[in-house]
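Visitor: The structure follows.
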Amino acid sequence: MLLIVWVFDKISSLSRMIPGIWLLLFWILPTPCLHAAEPYSIAPAMKGAPLGRHFEILADPTGQLGLQDILEKDAAQAFRPSQETVPNFGLRRGPQWVKFTIHNPLQQELTILLENKFTLADSLELYYQNPAGDWLKKAAGDQRPFIERDIHTRQAVFRLTLAPGSHRFYARTFADGAHQLPLHIWTQDEFFAHNAREYGWIGILVGFHLVICLYNLFLYFSLRDRTYLYYVLYVTCNLFYQSASLGLFQQSLSMLGWAESFSNRFTSMNVDMVSITALLFSYHFLNIKEKLPIFRRIYLAIGALDATNLVVTGFISVYFGTAICLVTASMTTSTLLASGFLISRQRYIPAMFYITGWGCYLLGVTGTILNLIGLLPTSNFSRWGQFTGGAIEIAILSLALGARINAKRREHVQMITRLNQDLEGKVEERTAEIQSLLLHIPQGILSIGRDGLITPNYSAQLPSILNHDAIAGQSFRSIILDRSTLSADEKDQAWQSIQAAVGEHSLSFDLNIDKLPAQLDYIMNDQMKVLRLTWNRELNAQDEVKHILVTLLDVSSEVAAQQEIERQNREFEIIKQLVDLGSRKSVQFFSAGDQLINENERLLRATNLDTDTIKILFVNTHTLKGAARSLQLKELANKLHVVESYYAQVLKFHQPLDRARLQQDFTEAKAIYQRYHRANRETLGRLDDLKKVTVDRDFMQDNVKLLNQLLDMDALPRNMKAVIQAHRDEITGMIYTKLPSFIEELRHHADKIAKDLGLEPPLFQIEVANILINTSQELSLKNAFIHLLRNALDHGIEPGGMRKQKGKPTRGTLLIRAEERNGQIQIEFQDDGQGLDIGRIREICRKNGKTEAGLSAAGVASMILENGFSTNESVSMTSGRGVGLAAVRQFMEAEGGRVEIVLGPRIPGTGEFHEFSIRLHLPATVAASWQRMVVQAS
């Protein structure tokens with residue numbers, strides 16, 4: 001052990017002589033006198049300039065010199081100028097002192113950073129003077145507490161603020177082993193940017209090591225081959241060593257008190273662990289026991305030396321351990337390369353990858369070792385060579401493991417081939433058994449050979465499944481693919497995949513199996529079947545696809561059953577929605593819906609479809625969609641929204657009409673509507689409850705009028721009048737609806753619309769006389785109020801937060817008044833929202849050329865009843881189409897009524913916003929009006 005240390009010490013001494021020898025040979029003159037090193041002058045951009053050539057160096061073999069001693073020796077000119085950009089002290093023991101001067105030529109203080117890139121330095125002490133002339137000290141190193149560093153990074157960095165002028169520094173550096181002082185100067189911004197790049201590069205290398213570990217650990221658990229486990233251990237130890245040599249060990253474990261004292265031992269011990277795990281991995285990977293048995297003892301001897309050095313480094317001396325591990329590392333690398341080279345000569349392909357990888361690692365490690373012992377200057381190659389070379393080596397060794405898998409696979413194939421040569425007789429027996437199996441198996445089985453042709457060996461059931469007898473020798477495409485409902489692209493992809501796999505390596509089949517259909521619809525002789533296909537490959541000894549085996553199973557009945565289940569589930573969902581809706585509401589919906597559907601169907605049959613026709617189609621569809629949405633008939637509402645959106649595009653953007661699309665959309669929507677209607681009528685047995693009278697409604701209404709006239713006759717006896725009045729009241733209740741009960745039903749619709757808009761349900765204030773309306777009026781009012789509620793909640797009533805800021809209750813209020821006056825039913829609808837923006841309406845009308853100059857505010861307000869008018873800039877499922885109030889007007893006019901906008905006063909502080917209400921007028925159907933009823937709802 002002492003001999004090894006003496007050899008390295010002599011090598012280090014020789015390295016100190018090399019620069020002088022080269023200088024002598026270059027000048028062919030005696031070495032000139034050495035002069036004091038020049039000061040380093042600070043510049044705005046220093047970019048990590050090395051200070052080595054500005055150093056003067058003094059060795060301290062005893063380690064007893066203090067600062068005062070150094071000042072005296074400096075005065076005696078004992079320091080010698082440095083001849084290296086990065087001073088390299090090799091394996092010399094004992095501290096080294098350096099002296100250097102930094103000059104600040106600027107007229108202001110400047111903060112600089114001094115970085116020691118040699119992370120293995122045990123201690124680095126920096127002495128400098130403050131403005132008062134006192135000497136101050138900063139210290140760092142991997143044997144000192146990490147928390148004492150000026151900047152908490154992996155390398156020792158000192159932060160200094162220098163006043164204008166020259167500043168003298170002394171530095172004492174010590175390392176128990178390899179020793180360098182690569183001191184670099186930076187501005188703060190330069191250093192942090194450079195340090196971030198280095199950390200990024202380190203992160204990439206560390207991440208690469210971790211990925212390799214995880215991947216090979218997965219292979220170990222999958223294959224149960226210990227070679228992969230030893231490789232993971234090797235990569236892990238190599239990662240620990242590289243991390244320690246880069247200073248990451250002390251930084252990551254800085255919170256532990258023993259991290260500093262253990263840093264040197266950990267680094268040296270990891271070199272031996274890398275060597276041991278590399279030997280274990282190589283021994284199993286190269287199969288040394290069988291392919292190169294003479295090297296078994298060499299592997300064992302080097303491993304034993306590594307194990308011994310672990311004890312030396314851990315318990316005796318880090319310095320001696322470092323010297324020994326440099327020897328063992330060299331021995332390990334040489335042995336592994338030699339064994340890899342000898343085995344590669346045996347035509348073992350993985351060994352060729354192996355020696356390439358170790359060659360890259362050897363190149364990097366050689367540069368690092370020569371630098372550590374002082375035979376090679378410090379550079380990026382020497383600093384990063386072993387880490388980068390190790391990463392390249394690990395990548396190549398991963399390829400070597402892959403090649404090893406293939407080699408083993410080829411060995412297995414060769415073994416199987418030899419076995420097959422002895423089993424030809426048994427193969428013939430098995431062939432006969434397979435032929436018998438093909439005759440009796442109840443599935444279709446075939447094999448595809450070259451050119452995609454079906455071989456003669458197929459199951460007896462296959463012709464029955466395909467309804468085709470001439471199968472052998474036919475193209476798989478013509479027999480099956482071309483007779484399926486697959487698209488042309490799907491057929492072509494499947495056919496190309498089959499041709500690309502047969503006769504090629506099995507990998508080609510694996511890469512293209514996703515292009516082969518798992519199920520298809522097969523048509524033959526006007527009969528369609530659903531076939532489920534499974535695909536497998538038949539390989540030859542060269543791992544090439546000899547045949548593709550296809551199993552075909554007729555699953556037509558299974559698919560039909562599944563489709564029936566899905567249809568029943570959809571029908572069940574429709575029935576559930578109708579049950580939740582209730583009998584009366586469903587009958588009302590379909591009574592109104594039949595009219596809208598029939599009208600749209602009649603309009604679509606027209607020869608010419610102009611803009612006015614599209615508007616009517618649009619209004620009808622929008623109305624039916626709104627009713628379906630409010631009643632939670634989801635599938636119908638969604639489909640009607642699609643149809644309505646196309647109408648809106650045609651009207652808004654003047655797109656050319658696509659009659660085929662119009663008809664197709666309507667047909668699909670009508671089909672869904674009829675499914676709902678049929679389920680309501682046939683499954684739930686809901687007949688038209690509104691028409692359970694035995695005579696026509698108009699006739700019954702005439703009779704009610706007649707009975708009223710009889711009651712006005714004084715000549716009738718009192719008991720006769722009582723009977724007539726009872727019959728009149730009974731008939732009236734059957735064919736008329738009380739307006740208060742109709743209004744009460746609106747609460748449910750309002751709550752659903754508010755929920756869709758993310759608003760709180762509104763409050764209702766209802767003041768409605770007990771007026772009777774007929775069925776036609778009820779349906780029209782129902783459709784009209786859906787638009788009125790949506791308009792009030794989406795346009796008028798503000799969100800809760802905005803209402804609170806205005807001093808209003810967070811929930812809006814809807815006021816509905818109704819009375820009979822002069823033979824007319826007047827219904828007034830009003831909300832307590834933000835009002836009507838007359839200015840906005842006037843601006844929109846002016847853009848559309850609809851407003852005449854000098855039109856009054858009331859006249860401007862009435863424009864909102866025009867078809868296509870909307871103040872919303874966006875379109876949603878609830879509003880923005882410009883249909884709502886125009887549709888209300890159409891519904892009222894269809895009943896002989898009208899709509900009126902009643903404009904109120906301007907709302908203070910809101911510009912041109914006015915209070916307003918919407919008044920509906922309908923002709924009264926019954927002369928008598930019952931007592932007025934007032935309801936206050938909350």
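By order in the structure tokens, chains are A, B, ...; within a chain, residues start at 1; ligands start at 1, following the order shown.
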Show which residues sit within 10 Å of Glu599 of chain A, as a PyMOL selection string. Count only C-alpha atoms, and ignore same-chain residues fewer than 6 positions away.
Guide: chain A and resi 593+616-617+620
Visitor: For segment 574-649 of chain A against segment 660-665 of chain A, with a cut-off of 9 Å and counting only C-alpha atoms, what is the closest atom pair and its distance in Å to one decimal for every residue that makes the cut, ordered by chain and number, as JSON lines?
Guide:
{"residue": "A:Glu601", "atom": "CA", "partner": "A:Gln663", "partner_atom": "CA", "distance": 8.9}
{"residue": "A:Leu604", "atom": "CA", "partner": "A:Gln663", "partner_atom": "CA", "distance": 7.2}
{"residue": "A:Lys639", "atom": "CA", "partner": "A:Asp665", "partner_atom": "CA", "distance": 8.5}
{"residue": "A:Leu640", "atom": "CA", "partner": "A:Asp665", "partner_atom": "CA", "distance": 8.7}
{"residue": "A:Val642", "atom": "CA", "partner": "A:Asp665", "partner_atom": "CA", "distance": 8.2}
{"residue": "A:Val643", "atom": "CA", "partner": "A:Asp665", "partner_atom": "CA", "distance": 6.0}
{"residue": "A:Tyr646", "atom": "CA", "partner": "A:Leu662", "partner_atom": "CA", "distance": 8.5}
{"residue": "A:Tyr647", "atom": "CA", "partner": "A:Leu662", "partner_atom": "CA", "distance": 8.7}
Visitor: Just asking: which residues within segment 576-772 of chain A are alpha helix (DSSP H) according to DSSP, as a ChimeraX atom specification?
Guide: /A:576-581,583-604,611-630,634-653,659-678,697-711,718-735,739-757
Visitor: Which residues, written as a VMD selection string, have at least one atom at most 9 Å from Pro95 of chain A, with only C-alpha atoms counted and residues fewer than 6 positions away on the same chain left out?
Guide: chain A and resid 59 to 63 172 to 175
Visitor: Taking 5 positions as the minimum chain separation for residues in the same chain, which residues sit within 6 Å of segment 309-322 of chain A when counting only C-alpha atoms? Answer as an MDAnalysis selection string.
Guide: chainID A and resid 176:177 265 268:269
